[in-house]
Every structure is written in structure tokens, then in C-alpha cells.
Amino acid sequence: MTEVRRSTYSVKTTGVGRPDYSPAVAASKLIVDTLQSTYRFVYSDIFDASELQIFTMYTVPAGYKLNIGAITGSCDGSVIQRMIFWIVVGGVPSLLIDDFRYDVFGDMIFGPESAVEVEGGNDVELWMYNLDTIPHVITLNVEGFLERVS
């Protein structure tokens, strides 16, 4: 016969109903230096069937650099869509940030070691494809911060 041992644990509480080993959760807070300002680009539109829209999301002013931390896209239907982000230097798409496809919602999150930096005088350009045969409402969001470098 197998003997089953049961253990009884007692956990000391803090008096508010939570055990004292509960981790403290601090709300996230954006910390921005005096030489930095937050940046957010949001664009939403109806994209026609099989349409490609190319537009400049932002031109970085001289003396600044744009640090992109996240790019998201969403669509009003469950269908594969395609986004291509470029850094444009001298009017020519020169550095591919990302080319990705998503269904309903897609995101690219860049960590501190992989943040995309766009130097002053350059553009961030988006090529948005609606790959479906019907129009869709597509929303795009780019977040980061603008930093003064000179």
C-alpha cells in the first residue's frame, strides 16, 4: 500500500489578504529625457481592393533622430495584409525596417538593443498593401521618441 503524505503550509499575510510573497506591480511609466519627446503616428483609412498606398509617415528634422520602438497594424477583417517600412535617404528607399504580413493584428516591437534609429533629414516611408479582393479599414500605429542630437 502506498502512503500519501499531505503537507500543510501556512503563509504569513500582510493583513490585507495577500501573502507577503506577492510581487509588487508598479504601473509602467514613460521616462523621457529633456532632449527627447515622445512620437506617435496613427493612420487609419479605407484601402481599396488590391490597393497599394505609399506615403511618408514622418520626416525627421535636422539635428534630431527618431527612435522607433513599435509598429502595429490592424485590419477590420480576417485577411492577410502586408506592410513594408523603409528609411528613405535622399528620396530613395534605402534601408528596409521590416516587411511583414499579418491577419487582423500584427506588431513589431523593438527592444532597447534593436530600436530603429532614423537620422535627421531622412524619411520613414510605409508601403501598405490590401491583399484582399474587397476594401478594408486598416489602422497603422508607430511609436517611439524623437531625440535632439545637436
# chains A, B, ... in the order shown; residues from 1 in each chain; ligands from 1
call {"tool": "residues_around", "arguments": {"residues": "Val124 of chain A", "least_positions_apart": "2", "cutoff": "6 Å", "atoms": "only C-alpha atoms", "output": "PyMOL selection string"}}
result
chain A and resi 56-58+86-87
call {"tool": "write_last_selection", "arguments": {"atoms": "N, CA and C atoms", "output": "compact mmCIF listing (two decimals), in the first residue's frame"}}
result
# COMPACT_ATOMS: atom_id res chain seq x y z
N THR A 56 4.70 58.92 -46.86
CA THR A 56 5.74 59.26 -45.89
C THR A 56 5.07 59.49 -44.54
N MET A 57 5.49 58.71 -43.56
CA MET A 57 4.92 58.83 -42.22
C MET A 57 5.54 59.99 -41.46
N TYR A 58 6.82 60.22 -41.67
CA TYR A 58 7.49 61.26 -40.90
C TYR A 58 8.81 61.63 -41.56
N TRP A 86 10.23 51.51 -44.71
CA TRP A 86 11.54 51.88 -45.24
C TRP A 86 12.07 53.13 -44.55
N ILE A 87 13.38 53.23 -44.46
CA ILE A 87 14.04 54.51 -44.17
C ILE A 87 14.48 55.04 -45.53
call {"tool": "residues_around", "arguments": {"residues": "segment 37-41 of chain A", "least_positions_apart": "4", "cutoff": "9 Å", "atoms": "only C-alpha atoms", "output": "PyMOL selection string"}}
result
chain A and resi 32-33+57-58+66-68+140-148
call {"tool": "write_last_selection", "arguments": {"atoms": "N, CA and C atoms", "output": "PDB file, in the first residue's frame"}}
result
ATOM      1  N   VAL A  32      11.224  60.160 -20.162  1.00  0.00           N
ATOM      2  CA  VAL A  32      11.756  60.864 -21.317  1.00  0.00           C
ATOM      3  C   VAL A  32      12.698  61.954 -20.820  1.00  0.00           C
ATOM      4  N   ASP A  33      13.890  61.994 -21.393  1.00  0.00           N
ATOM      5  CA  ASP A  33      14.896  62.988 -21.059  1.00  0.00           C
ATOM      6  C   ASP A  33      14.461  64.353 -21.584  1.00  0.00           C
ATOM      7  N   MET A  57       5.492  58.705 -43.556  1.00  0.00           N
ATOM      8  CA  MET A  57       4.922  58.829 -42.223  1.00  0.00           C
ATOM      9  C   MET A  57       5.540  59.990 -41.465  1.00  0.00           C
ATOM     10  N   TYR A  58       6.823  60.217 -41.669  1.00  0.00           N
ATOM     11  CA  TYR A  58       7.486  61.265 -40.898  1.00  0.00           C
ATOM     12  C   TYR A  58       8.807  61.628 -41.561  1.00  0.00           C
ATOM     13  N   LEU A  66      15.063  59.902 -34.865  1.00  0.00           N
ATOM     14  CA  LEU A  66      13.833  59.247 -34.447  1.00  0.00           C
ATOM     15  C   LEU A  66      14.169  57.823 -34.049  1.00  0.00           C
ATOM     16  N   ASN A  67      13.796  57.434 -32.836  1.00  0.00           N
ATOM     17  CA  ASN A  67      13.978  56.072 -32.336  1.00  0.00           C
ATOM     18  C   ASN A  67      12.619  55.389 -32.360  1.00  0.00           C
ATOM     19  N   ILE A  68      12.453  54.419 -33.265  1.00  0.00           N
ATOM     20  CA  ILE A  68      11.181  53.717 -33.395  1.00  0.00           C
ATOM     21  C   ILE A  68      11.200  52.504 -32.479  1.00  0.00           C
ATOM     22  N   LEU A 140      -2.806  51.938 -38.774  1.00  0.00           N
ATOM     23  CA  LEU A 140      -1.372  51.785 -38.557  1.00  0.00           C
ATOM     24  C   LEU A 140      -0.947  52.671 -37.407  1.00  0.00           C
ATOM     25  N   ASN A 141       0.023  52.205 -36.635  1.00  0.00           N
ATOM     26  CA  ASN A 141       0.498  52.946 -35.473  1.00  0.00           C
ATOM     27  C   ASN A 141       2.010  52.756 -35.351  1.00  0.00           C
ATOM     28  N   VAL A 142       2.725  53.852 -35.212  1.00  0.00           N
ATOM     29  CA  VAL A 142       4.172  53.813 -34.989  1.00  0.00           C
ATOM     30  C   VAL A 142       4.458  54.622 -33.736  1.00  0.00           C
ATOM     31  N   GLU A 143       5.244  54.043 -32.820  1.00  0.00           N
ATOM     32  CA  GLU A 143       5.561  54.736 -31.574  1.00  0.00           C
ATOM     33  C   GLU A 143       7.056  54.729 -31.319  1.00  0.00           C
ATOM     34  N   GLY A 144       7.530  55.789 -30.708  1.00  0.00           N
ATOM     35  CA  GLY A 144       8.939  55.907 -30.364  1.00  0.00           C
ATOM     36  C   GLY A 144       9.184  57.253 -29.723  1.00  0.00           C
ATOM     37  N   PHE A 145      10.397  57.753 -29.884  1.00  0.00           N
ATOM     38  CA  PHE A 145      10.681  59.090 -29.377  1.00  0.00           C
ATOM     39  C   PHE A 145      11.673  59.792 -30.275  1.00  0.00           C
ATOM     40  N   LEU A 146      11.560  61.118 -30.292  1.00  0.00           N
ATOM     41  CA  LEU A 146      12.417  61.989 -31.071  1.00  0.00           C
ATOM     42  C   LEU A 146      13.475  62.533 -30.137  1.00  0.00           C
ATOM     43  N   GLU A 147      14.728  62.428 -30.541  1.00  0.00           N
ATOM     44  CA  GLU A 147      15.831  62.836 -29.660  1.00  0.00           C
ATOM     45  C   GLU A 147      16.680  63.901 -30.355  1.00  0.00           C
ATOM     46  N   ARG A 148      16.949  64.988 -29.626  1.00  0.00           N
ATOM     47  CA  ARG A 148      17.822  66.036 -30.161  1.00  0.00           C
ATOM     48  C   ARG A 148      19.269  65.573 -30.028  1.00  0.00           C
TER      49      ARG A 148
END
call {"tool": "closest_residue", "arguments": {"among": "A:Ile84, A:Val149, A:Ala115, A:Ile97", "to": "Gln53 of chain A", "atoms": "only C-alpha atoms"}}
result
A:Ile84
call {"tool": "atom_distance", "arguments": {"atom1": "atom CA of Val118 of chain A", "atom2": "atom CA of Tyr64 of chain A"}}
result
8.8 Å
call {"tool": "residues_around", "arguments": {"residues": "Val137 of chain A", "least_positions_apart": "5", "cutoff": "7 Å", "atoms": "only C-alpha atoms", "output": "list in words"}}
result
Ser44, Asp45, Ile46, Phe47, Cys75 and Asp76 of chain A
call {"tool": "write_last_selection", "arguments": {"atoms": "N, CA and C atoms", "output": "mmCIF file, in the first residue's frame"}}
result
data_model
loop_
_atom_site.group_PDB
_atom_site.id
_atom_site.type_symbol
_atom_site.label_atom_id
_atom_site.label_comp_id
_atom_site.auth_asym_id
_atom_site.auth_seq_id
_atom_site.Cartn_x
_atom_site.Cartn_y
_atom_site.Cartn_z
ATOM 1 N N SER A 44 -5.413 55.821 -40.219
ATOM 2 C CA SER A 44 -6.492 54.865 -40.469
ATOM 3 C C SER A 44 -7.249 55.311 -41.705
ATOM 4 N N ASP A 45 -7.517 54.362 -42.594
ATOM 5 C CA ASP A 45 -8.195 54.712 -43.834
ATOM 6 C C ASP A 45 -8.826 53.446 -44.419
ATOM 7 N N ILE A 46 -9.696 53.646 -45.397
ATOM 8 C CA ILE A 46 -10.249 52.531 -46.156
ATOM 9 C C ILE A 46 -9.327 52.285 -47.337
ATOM 10 N N PHE A 47 -8.797 51.091 -47.408
ATOM 11 C CA PHE A 47 -7.923 50.712 -48.507
ATOM 12 C C PHE A 47 -8.747 49.900 -49.504
ATOM 13 N N CYS A 75 -6.558 45.341 -39.115
ATOM 14 C CA CYS A 75 -7.491 45.318 -40.239
ATOM 15 C C CYS A 75 -8.866 44.914 -39.712
ATOM 16 N N ASP A 76 -9.928 45.402 -40.366
ATOM 17 C CA ASP A 76 -11.284 45.101 -39.899
ATOM 18 C C ASP A 76 -11.776 43.720 -40.315
#
call {"tool": "atom_distance", "arguments": {"atom1": "atom CA of Arg101 of chain A", "atom2": "atom CA of Gly69 of chain A"}}
result
18.5 Å
call {"tool": "atom_distance", "arguments": {"atom1": "atom CA of Ile134 of chain A", "atom2": "atom CA of Gln81 of chain A"}}
result
12.0 Å
call {"tool": "residues_around", "arguments": {"residues": "Asp103 of chain A", "least_positions_apart": "2", "cutoff": "7 Å", "atoms": "only C-alpha atoms", "output": "PyMOL selection string"}}
result
chain A and resi 78-81+105-106
call {"tool": "closest_residue", "arguments": {"among": "A:Met83, A:Ile138, A:Val104, A:Ala70", "to": "Leu126 of chain A", "atoms": "only C-alpha atoms"}}
result
A:Met83
call {"tool": "closest_residue", "arguments": {"among": "A:Asn130, A:Ser150, A:Gln36, A:Thr139", "to": "Leu52 of chain A", "atoms": "only C-alpha atoms"}}
result
A:Asn130
